[in-house]
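Notes follow the structure.
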Amino acid sequence: MSPGAIFDGKKAIRGGVPVVFPQFGQPDKAMAQHGFARSSLWSVEHVSESSEQSRLVLALTENAETLSKWPFKFHLRFIVELTAVSLTMRLVAKNTGDAPFKYQALLHTYFAVPAIETVAVRGLVGRSFLDKVANGEKKTQEDDTITLPSFTDRVYVGEAAERGFPEEKDVTIGTKDGQVTTWVANRASNNGAACPCDVVVWNPYEEASPGDLPPPAFKSFVCVEPGLVAESQELQPGAEGVVSQKICCA
Ligand code: TA6
C-alpha cells in the first residue's frame with residue numbers, strides 16, 4: 001500500500017489489487033482511467049471460513065453511475081480464497097444483459113519487494129510485449145530474466161494467441177541473483193473457454209510516479225498484472241469472462 005494512498009473513495013486506492021474493468025488505460029476518454037470498478041463501492045456477497053480456507057466474494061452490478069458511463073448490465077464478482085500457502089483471486093465478469101458487450105479486465109496486483117533494482121520477473125520469455133515506455137513498440141522478450149532498472153511499463157501478450165495455445169506457464173518474482181520468492185499463476189477465460197492471459201509488468205520509478213505514490217515508494221513494489229487487455233474481448237449475453245491470479249510463496 002502506498003503511504004500516499006487516498007481512501008476517501010474519490011480515486012482508486014493505490015496498492016493491493018485494484019480491479020480494472022471495463023477498460024484498461026483510457027480508450028474511452030469519457031470513462032475513468034482503468035474503468036469504474038476500482039473506485040466503486042462493492043457489496044459482500046459471501047464469506048466463509050474453514051480450517052483449510054477463508055473465502056470472500058465481493059460483487060458489483062450496474063447502477064446509475066456505471067450506466068451513465070457504460071450502457072451495459074453486468075455482474076462482477078471478485079473472489080478471494082486464502083489458504084495457509086496461497087492467495088487466489090478471480091475477477092468474474094458476467095454479461096447479464098441481452099446483447100454482447102466489449103470489455104477489458106485486469107487485476108492490477110502490487111507485489112512488495114525489498115528493492116526494485118534487484119528484482120527479476122521470470123516466465124515470460126518468448127512472448128511479444130508492447131513497450132509503453134517506447135510508444136507501445138512491439139518487442140519480443142528474448143531473455144527469461146526481466147529486470148526493472150528504470151521506468152518499466154509492458155503488456156506481455158497472452159502467449160497462446162501467438163503460439164497455438166501452449167500450456168500457460170507460471171511467472172516468478174525473485175532477484176537478479178536467481179532467488180525466487182513468489183510463484184504467480186495467471187489465467188483467463190472468455191465465454192466459457194480458456195484464452196491467453198496477458199501479463200502487465202510495471203514500475204514507474206520516480207519519473208512516472210503518480211501523486212499518491214510519492215518517491216521513494218516506487219522502490220518497494222513491482223506490479224505483475226494478469227488481464228485481458230491487449231485486445232478488447234466480446235462477452236456474449238449470459239456468459240462470463242474470468243481473469244485469475246494464484247500467488248504462492250516459493
Ligand atoms: O500498470 C500499468 C498501467 O496501465 C500503467 O500504464 C500506469 O498507468 C499504471 O497502470 C497505473 O495507473 P493508475 O491509473 O493506477 O495510476
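Naming scheme: A, B, ... for chains in displayed order of the C-alpha cells; residues 1 onward per chain; ligands 1 onward as shown.
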
With the cut-off set at 6 Å and counting only C-alpha atoms and all ligand atoms, tabulate each residue of chain A with an atom at most that distance from an atom of ligand 1, showing the nearest atom pair and its distance in Å to one decimal, ordered by chain and increasing number, as CSV.
residue,atom,partner,partner_atom_place_in_ligand_line,distance
A:Gly25,CA,ligand 1,4 (O),5.4
A:Gln33,CA,ligand 1,14 (O),5.4
A:Asp153,CA,ligand 1,6 (O),5.9
A:Trp202,CA,ligand 1,1 (O),5.0

Let's have the selection written as a PDB file, in the first residue's frame, with N, CA and C atoms.
ATOM      1  N   GLY A  25      -6.419   1.329 -19.107  1.00  0.00           N
ATOM      2  CA  GLY A  25      -5.995   2.611 -19.665  1.00  0.00           C
ATOM      3  C   GLY A  25      -7.251   3.448 -19.886  1.00  0.00           C
ATOM      4  N   GLN A  33      -9.738   6.397 -16.162  1.00  0.00           N
ATOM      5  CA  GLN A  33      -8.606   5.512 -16.464  1.00  0.00           C
ATOM      6  C   GLN A  33      -8.821   4.192 -15.731  1.00  0.00           C
ATOM      7  N   ASP A 153       6.987  -0.350 -18.302  1.00  0.00           N
ATOM      8  CA  ASP A 153       5.531  -0.438 -18.454  1.00  0.00           C
ATOM      9  C   ASP A 153       5.270  -1.290 -19.688  1.00  0.00           C
ATOM     10  N   TRP A 202       4.926  -3.519 -14.429  1.00  0.00           N
ATOM     11  CA  TRP A 202       5.028  -2.062 -14.300  1.00  0.00           C
ATOM     12  C   TRP A 202       5.777  -1.646 -13.045  1.00  0.00           C
TER      13      TRP A 202
END

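The shell of residues at most 12 Å from Thr181 in chain A, with only C-alpha atoms counted and near chain neighbours (fewer than 2 positions) removed, consists of A:Phe111, A:Ala112, A:Val113, A:Pro114, A:Val119, A:Ala120, A:Val121, A:Arg122, A:Val171, A:Thr172, A:Ile173, A:Gly174, A:Thr175, A:Lys176, A:Asp177, A:Gly178, A:Gln179, A:Trp183, A:Val184, A:Ile247, A:Cys248, A:Cys249, A:Ala250.
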
Next item on the list: Would you please give, as a ChimeraX atom specification, all residues of range 52-151 of chain A that DSSP assigns to strand (DSSP E or B) based on the backbone?
Entry: /A:54-61,74-82,86-95,101-107,110-112,119-122,128-131,137-140,146-147

Val155 in chain A environment, 9 Å, only C-alpha atoms, sequence neighbours closer than 5 positions dropped, as a PDB file with C-alpha atoms, in the first residue's frame:
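The new file part21.pdb reads:
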ATOM      1  CA  SER A 128       5.659 -10.413 -27.561  1.00  0.00           C
ATOM      2  CA  PHE A 129       5.184  -7.320 -25.473  1.00  0.00           C
ATOM      3  CA  LEU A 130       4.007  -3.759 -26.070  1.00  0.00           C
ATOM      4  CA  ASP A 131       6.620  -1.432 -24.594  1.00  0.00           C
ATOM      5  CA  LYS A 132       4.597   1.545 -23.371  1.00  0.00           C
ATOM      6  CA  GLY A 136       3.923   0.976 -27.452  1.00  0.00           C
ATOM      7  CA  ASP A 198      -1.866 -11.081 -20.921  1.00  0.00           C
ATOM      8  CA  VAL A 199       0.554 -10.016 -18.172  1.00  0.00           C
ATOM      9  CA  VAL A 200       1.434  -6.373 -17.461  1.00  0.00           C
ATOM     10  CA  VAL A 201       4.734  -5.585 -15.734  1.00  0.00           C
ATOM     11  CA  TRP A 202       5.028  -2.062 -14.300  1.00  0.00           C
ATOM     12  CA  VAL A 229      -6.117  -6.128 -22.122  1.00  0.00           C
ATOM     13  CA  ALA A 230      -4.036  -6.455 -25.325  1.00  0.00           C
TER      14      ALA A 230
END

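Reported to one decimal place, the separation of CA of Tyr110 in chain A from CA of Phe7 in chain A is 16.8 Å.
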
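Remark: for Ser86 in chain A, the closest of the candidate residues A:Glu240, A:Gly16, A:Thr140, A:Glu52 is A:Glu52 (distances computed over only C-alpha atoms).
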
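The environment of Lys94 in chain A within 6 Å, counting only C-alpha atoms and disregarding residues fewer than 6 places along the same chain, consists of Phe74, His75, Ala239 and Glu240 of chain A.
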
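You can rank A:Glu168, A:Ile79, A:Ala37, A:Gln23 by their closest distance to Lys11 in chain A using only C-alpha atoms, and at the top of that list sits A:Ala37.
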
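The spacing separating CA of Leu56 in chain A from CA of Thr88 in chain A amounts to 10.7 Å.
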
Checklist line | Secondary structure check, helix (DSSP H, G or I) residues of range 18-216 of chain A, as a list of chain:residue names | finding: A:Ala37, A:Arg38, A:Ser39, A:Ala64, A:Glu65, A:Thr66, A:Leu67, A:Ser68, A:Lys69, A:Ile116, A:Glu117, A:Thr118, A:Lys132, A:Val133, A:Ala134, A:Glu159, A:Ala160, A:Ala161, A:Glu162, A:Arg163, A:Glu206, A:Glu207, A:Ala208
